[in-house]
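Source file: structure33.cif (mmCIF, C-alpha atoms)
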```
data_structure
loop_
_atom_site.label_atom_id
_atom_site.label_comp_id
_atom_site.auth_asym_id
_atom_site.auth_seq_id
_atom_site.Cartn_x
_atom_site.Cartn_y
_atom_site.Cartn_z
CA MET U 1 -45.15 91.18 37.57
CA THR U 2 -47.01 92.94 34.79
CA ALA U 3 -50.18 94.96 34.88
CA PRO U 4 -53.57 93.35 34.19
CA PRO U 5 -54.65 93.54 30.55
CA THR U 6 -57.38 95.88 29.41
CA ASP U 7 -59.13 93.33 27.18
CA PRO U 8 -61.64 91.36 29.32
CA ALA U 9 -62.18 88.83 26.53
CA ARG U 10 -58.67 87.45 26.91
CA VAL U 11 -57.85 84.52 29.16
CA ARG U 12 -55.45 85.89 31.76
CA VAL U 13 -52.66 83.51 32.77
CA VAL U 14 -50.07 83.46 35.55
CA ILE U 15 -47.04 81.16 35.20
CA ALA U 16 -45.50 79.84 38.42
CA ASP U 17 -42.22 77.96 37.95
CA ASP U 18 -38.81 78.39 39.55
CA GLN U 19 -37.04 77.93 36.21
CA GLU U 20 -36.93 81.16 34.23
CA LEU U 21 -36.32 79.29 30.97
CA ILE U 22 -39.55 77.31 31.37
CA ARG U 23 -41.52 80.47 32.17
CA ALA U 24 -40.05 82.17 29.11
CA GLY U 25 -40.92 79.20 26.91
CA PHE U 26 -44.53 79.11 28.05
CA ARG U 27 -44.80 82.88 27.71
CA MET U 28 -43.51 82.73 24.14
CA ILE U 29 -45.99 79.98 23.22
CA LEU U 30 -48.92 81.91 24.66
CA SER U 31 -47.86 85.26 23.22
CA VAL U 32 -48.99 84.31 19.71
CA GLU U 33 -52.50 83.36 20.82
CA PRO U 34 -54.89 86.31 20.43
CA ASP U 35 -57.19 85.15 23.23
CA LEU U 36 -54.48 84.37 25.81
CA GLU U 37 -52.29 86.76 27.76
CA VAL U 38 -49.64 86.15 30.42
CA VAL U 39 -50.35 88.78 33.05
CA GLY U 40 -47.84 87.69 35.69
CA GLU U 41 -45.13 85.26 36.71
CA ALA U 42 -43.85 83.76 39.95
CA ALA U 43 -40.67 81.89 40.86
CA ASP U 44 -42.07 80.14 43.95
CA GLY U 45 -45.36 79.27 45.60
CA ALA U 46 -45.47 82.21 47.99
CA GLU U 47 -44.96 84.65 45.14
CA ALA U 48 -47.62 82.83 43.12
CA VAL U 49 -50.16 83.34 45.91
CA ARG U 50 -49.34 87.05 46.04
CA VAL U 51 -49.44 87.50 42.26
CA VAL U 52 -52.80 85.73 42.00
CA ALA U 53 -54.24 87.87 44.80
CA ASP U 54 -53.06 91.03 43.03
CA LEU U 55 -53.99 90.13 39.45
CA ARG U 56 -56.86 87.63 39.77
CA PRO U 57 -56.01 85.68 36.60
CA ASP U 58 -58.28 83.09 35.01
CA VAL U 59 -55.68 80.31 34.98
CA VAL U 60 -52.46 79.56 36.85
CA LEU U 61 -49.83 77.20 35.44
CA MET U 62 -48.33 75.82 38.68
CA ASP U 63 -45.10 73.90 39.02
CA VAL U 64 -45.00 71.45 41.94
CA GLN U 65 -41.41 71.46 43.08
CA MET U 66 -40.33 75.00 43.88
CA PRO U 67 -38.13 76.38 46.68
CA GLY U 68 -39.84 77.60 49.83
CA THR U 69 -43.58 77.33 49.40
CA ASP U 70 -44.16 74.54 46.90
CA GLY U 71 -46.89 74.28 44.31
CA ILE U 72 -49.17 72.14 46.47
CA ALA U 73 -49.29 74.63 49.31
CA ALA U 74 -49.74 77.46 46.83
CA THR U 75 -52.59 75.60 45.13
CA GLU U 76 -54.31 75.07 48.48
CA ALA U 77 -54.06 78.77 49.29
CA ILE U 78 -55.25 79.91 45.87
CA ALA U 79 -58.15 77.45 45.70
CA ALA U 80 -59.30 78.45 49.18
CA ALA U 81 -59.20 82.17 48.45
CA HIS U 82 -60.17 82.34 44.77
CA ASP U 83 -62.68 79.76 43.59
CA ASP U 84 -62.84 81.45 40.19
CA VAL U 85 -59.14 80.85 39.46
CA ALA U 86 -58.25 77.53 37.82
CA VAL U 87 -54.89 76.02 38.77
CA LEU U 88 -53.27 73.61 36.30
CA ILE U 89 -50.47 71.53 37.79
CA LEU U 90 -47.33 71.35 35.65
CA THR U 91 -45.79 67.92 36.13
CA THR U 92 -43.50 65.17 35.04
CA PHE U 93 -43.91 61.55 36.10
CA ASP U 94 -41.05 62.02 38.58
CA ASP U 95 -43.08 64.11 41.01
CA ASP U 96 -46.39 62.29 40.89
CA ASP U 97 -46.17 61.40 44.61
CA TYR U 98 -47.31 64.95 45.31
CA LEU U 99 -49.98 65.46 42.71
CA PHE U 100 -52.90 63.66 44.32
CA SER U 101 -52.59 66.12 47.21
CA ALA U 102 -52.70 68.98 44.75
CA LEU U 103 -55.90 67.65 43.21
CA ARG U 104 -57.42 67.24 46.65
CA ALA U 105 -56.44 70.86 47.29
CA GLY U 106 -58.53 72.04 44.36
CA ALA U 107 -56.31 71.95 41.27
CA ALA U 108 -58.21 71.77 37.99
CA GLY U 109 -55.97 69.02 36.66
CA PHE U 110 -52.64 67.96 35.26
CA LEU U 111 -50.57 69.34 32.43
CA LEU U 112 -47.42 67.54 31.33
CA LYS U 113 -44.43 69.86 31.00
CA ASN U 114 -43.38 68.20 27.76
CA CYS U 115 -46.81 68.40 26.15
CA PRO U 116 -47.10 69.84 22.63
CA PRO U 117 -47.75 73.60 22.48
CA ASP U 118 -51.22 73.04 21.02
CA ASP U 119 -52.11 70.88 24.03
CA LEU U 120 -50.89 73.58 26.40
CA VAL U 121 -53.04 76.21 24.70
CA ALA U 122 -56.08 73.93 24.59
CA ALA U 123 -55.67 73.03 28.27
CA ILE U 124 -55.60 76.67 29.32
CA ARG U 125 -58.73 77.42 27.31
CA GLN U 126 -60.53 74.43 28.81
CA ALA U 127 -59.56 75.40 32.34
CA ALA U 128 -60.68 78.98 31.76
CA GLN U 129 -64.10 77.66 30.71
CA GLY U 130 -64.40 75.72 33.95
CA HIS U 131 -63.54 72.30 32.56
CA ALA U 132 -61.29 70.07 34.64
CA LEU U 133 -58.36 68.62 32.74
CA LEU U 134 -57.31 65.01 33.35
CA ALA U 135 -54.33 63.44 31.65
CA PRO U 136 -55.36 59.77 31.99
CA GLU U 137 -51.86 58.32 31.99
CA VAL U 138 -50.88 60.62 34.86
CA THR U 139 -54.16 60.40 36.77
CA ARG U 140 -54.18 56.61 36.94
CA ARG U 141 -50.60 56.46 38.18
CA VAL U 142 -51.03 59.17 40.79
CA ILE U 143 -54.20 57.69 42.23
CA ALA U 144 -52.83 54.14 42.18
CA ARG U 145 -49.76 55.19 44.13
CA SER U 146 -51.76 57.34 46.51
CA THR U 147 -54.13 54.50 47.38
CA ALA U 148 -51.57 51.67 47.46
CA GLY U 149 -51.40 49.88 50.78
CA ARG U 150 -54.50 51.50 52.19
CA THR U 151 -57.19 49.50 53.92
CA PRO U 152 -60.11 48.59 51.65
CA PRO U 153 -62.25 51.67 51.01
CA THR U 154 -65.66 52.03 52.58
CA PRO U 155 -68.43 52.22 49.97
CA ASP U 156 -69.54 55.81 49.51
CA PRO U 157 -73.32 56.23 49.86
CA ARG U 158 -73.19 58.94 47.22
CA ILE U 159 -72.10 56.35 44.66
CA ALA U 160 -75.16 54.27 45.54
CA ASP U 161 -77.37 57.23 44.62
CA LEU U 162 -76.17 57.12 41.02
CA THR U 163 -78.17 55.33 38.36
CA ASP U 164 -76.47 52.50 36.48
CA ARG U 165 -75.84 54.77 33.50
CA GLU U 166 -74.50 57.58 35.70
CA ARG U 167 -72.15 55.06 37.30
CA ASP U 168 -70.99 54.00 33.85
CA VAL U 169 -70.30 57.63 33.00
CA LEU U 170 -68.36 58.18 36.23
CA VAL U 171 -66.20 55.10 35.55
CA ALA U 172 -65.51 56.38 32.04
CA MET U 173 -64.59 59.79 33.44
CA ALA U 174 -62.21 58.12 35.87
CA ARG U 175 -60.61 56.33 32.94
CA GLY U 176 -59.91 59.75 31.46
CA LEU U 177 -62.42 59.71 28.63
CA SER U 178 -63.80 62.96 27.24
CA ASN U 179 -67.52 63.52 26.79
CA ALA U 180 -67.22 62.68 23.10
CA GLU U 181 -65.37 59.45 23.85
CA ILE U 182 -67.94 58.50 26.50
CA ALA U 183 -70.73 59.14 24.00
CA ASP U 184 -69.04 56.84 21.46
CA GLU U 185 -68.45 54.12 24.03
CA LEU U 186 -71.98 54.18 25.46
CA VAL U 187 -73.58 54.81 22.06
CA VAL U 188 -75.48 57.88 23.19
CA GLY U 189 -75.53 61.52 22.16
CA ALA U 190 -73.10 64.14 23.42
CA ALA U 191 -75.95 66.09 25.05
CA THR U 192 -76.99 62.97 26.95
CA VAL U 193 -73.47 62.49 28.28
CA LYS U 194 -73.27 66.14 29.31
CA SER U 195 -76.53 65.71 31.23
CA HIS U 196 -75.26 62.55 32.94
CA VAL U 197 -72.01 64.27 33.92
CA SER U 198 -73.96 67.16 35.42
CA HIS U 199 -76.12 64.73 37.41
CA VAL U 200 -73.04 62.86 38.64
CA LEU U 201 -71.40 66.07 39.88
CA THR U 202 -74.61 67.16 41.60
CA LYS U 203 -75.25 63.82 43.30
CA LEU U 204 -71.66 63.50 44.47
CA GLY U 205 -71.64 67.10 45.67
CA VAL U 206 -68.38 67.90 43.89
CA ARG U 207 -67.39 70.92 41.85
CA ASP U 208 -65.73 69.31 38.83
CA ARG U 209 -64.62 66.15 37.06
CA VAL U 210 -61.37 65.94 38.99
CA GLN U 211 -63.19 65.73 42.31
CA ALA U 212 -65.63 63.19 40.86
CA VAL U 213 -62.75 60.99 39.72
CA ILE U 214 -61.12 61.20 43.14
CA THR U 215 -64.42 60.11 44.70
CA ALA U 216 -64.66 57.19 42.29
CA TYR U 217 -61.22 55.88 43.23
CA GLU U 218 -61.50 56.55 46.96
CA SER U 219 -64.86 54.79 47.16
CA GLY U 220 -63.46 51.65 45.56
CA LEU U 221 -65.67 52.01 42.49
CA MET U 222 -62.72 51.56 40.14
CA ASP U 223 -61.68 48.38 41.98
CA THR U 224 -64.99 46.77 41.09
CA SER U 225 -65.50 48.26 37.64
CA GLY U 226 -63.35 45.68 35.95
#
```
Spell out the structure here as structure tokens.
Amino acid sequence: MTAPPTDPARVRVVIADDQELIRAGFRMILSVEPDLEVVGEAADGAEAVRVVADLRPDVVLMDVQMPGTDGIAATEAIAAAHDDVAVLILTTFDDDDYLFSALRAGAAGFLLKNCPPDDLVAAIRQAAQGHALLAPEVTRRVIARSTAGRTPPTPDPRIADLTDRERDVLVAMARGLSNAEIADELVVGAATVKSHVSHVLTKLGVRDRVQAVITAYESGLMDTSG
């Protein structure tokens, strides 16, 4: 574990993964970015919780499958204790059975382990700014598997409070579209989409896009959206 940096303008990152080679690779990628700094590392979930409590980073890159305390339990503990720390789940398709639970626990989103370095850097910056990160191809698969075989969902009264356009925006969010992509699809301005997204989050009583997407799927909205 390293000491906290002295530059408050930098995004402070903790890497939690049981494979030292992966931690080293991420650290090397981030080391060349002037606004990012790796301030600590952890080889399991329990250590990640301790490191985050000690260093209070902006973003945690969290592996799911680690010995002892896994990434889901660590995410739950970190999200409960530090609502200003964004946890990005590091995943492959092989462990997607676990990821829906991690999102429910408060993770800011998914990050594929084999993503290009530029995507890794961009994801960390987005998370540090409070933006949830959804990889659509992962999100759809995780939620589909998590809801398979369940009894039909009960309509959520919060969904009924949305206007038709806000519902359209929520469906687009659940499909993984960015604000810019939603604006193009709905033929409206980016500022309008941003306003709709804010209204959706407020009406649903959720903290970010990830939680809004979970609500959309759990309520059955995506089953009826075509």
Under the PyMOL selection byres ((chain U and resi 36-39) around 10), which residues of this model are included? Write them out as a ChimeraX atom specification. /U:1-5,7,9-15,26-35,40-41,51-52,55-60,121,124-125
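With only C-alpha atoms as the atoms that count, the minimum distance from Arg23 of chain U to the choices U:Val213, U:Ala105, U:Asp44, U:Gly68 is reached by U:Asp44.
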Suppose a student applies the PyMOL selection byres ((chain U and resi 187-204) around 9) to this structure; what residues should they get, written as a JSON list (two decimals) with C-alpha atoms, in the frame of the given file?
```json
[["chain", "number", "residue", "atom", "x", "y", "z"],
["U", 158, "ARG", "CA", -73.19, 58.94, 47.22],
["U", 159, "ILE", "CA", -72.10, 56.35, 44.66],
["U", 161, "ASP", "CA", -77.37, 57.23, 44.62],
["U", 162, "LEU", "CA", -76.17, 57.12, 41.02],
["U", 165, "ARG", "CA", -75.84, 54.77, 33.50],
["U", 166, "GLU", "CA", -74.50, 57.58, 35.70],
["U", 167, "ARG", "CA", -72.15, 55.06, 37.30],
["U", 169, "VAL", "CA", -70.30, 57.63, 33.00],
["U", 170, "LEU", "CA", -68.36, 58.18, 36.23],
["U", 173, "MET", "CA", -64.59, 59.79, 33.44],
["U", 179, "ASN", "CA", -67.52, 63.52, 26.79],
["U", 180, "ALA", "CA", -67.22, 62.68, 23.10],
["U", 182, "ILE", "CA", -67.94, 58.50, 26.50],
["U", 183, "ALA", "CA", -70.73, 59.14, 24.00],
["U", 184, "ASP", "CA", -69.04, 56.84, 21.46],
["U", 185, "GLU", "CA", -68.45, 54.12, 24.03],
["U", 186, "LEU", "CA", -71.98, 54.18, 25.46],
["U", 205, "GLY", "CA", -71.64, 67.10, 45.67],
["U", 206, "VAL", "CA", -68.38, 67.90, 43.89],
["U", 207, "ARG", "CA", -67.39, 70.92, 41.85],
["U", 208, "ASP", "CA", -65.73, 69.31, 38.83],
["U", 209, "ARG", "CA", -64.62, 66.15, 37.06],
["U", 211, "GLN", "CA", -63.19, 65.73, 42.31],
["U", 212, "ALA", "CA", -65.63, 63.19, 40.86],
["U", 215, "THR", "CA", -64.42, 60.11, 44.70]]
```
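Here atom CA of Ala174 of chain U stands at a distance of 13.6 Å from atom CA of Leu103 of chain U.
Going from atom CA of Leu90 of chain U over to atom CA of Glu47 of chain U, you cover 16.5 Å.
With only C-alpha atoms as the atoms that count, the minimum distance from Thr92 of chain U to the choices U:Ala74, U:Leu111, U:Leu221, U:Val171 is reached by U:Leu111.
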Have a look at atom CA of Ala107 of chain U and atom CA of Val87 of chain U and let me know their distance in Å, one decimal. 5.0 Å
Would you pick out the contacts of Ile89 of chain U at 7 Å or less, using only C-alpha atoms, so that residues sharing its chain but fewer than 5 positions from it are not included, and give the list as a PDB file with C-alpha atoms, in the coordinates of the input?
```pdb
ATOM      1  CA  LEU U  61     -49.830  77.200  35.440  1.00  0.00           C
ATOM      2  CA  MET U  62     -48.330  75.820  38.680  1.00  0.00           C
ATOM      3  CA  ASP U  63     -45.100  73.900  39.020  1.00  0.00           C
ATOM      4  CA  VAL U  64     -45.000  71.450  41.940  1.00  0.00           C
ATOM      5  CA  ALA U 107     -56.310  71.950  41.270  1.00  0.00           C
ATOM      6  CA  GLY U 109     -55.970  69.020  36.660  1.00  0.00           C
ATOM      7  CA  PHE U 110     -52.640  67.960  35.260  1.00  0.00           C
ATOM      8  CA  LEU U 111     -50.570  69.340  32.430  1.00  0.00           C
TER       9      LEU U 111
END
```
Could you list the residues chosen by the PyMOL selection byres ((chain U and resi 127) around 8) in this structure as a ChimeraX atom specification? /U:59,86-88,108,123-126,128-133
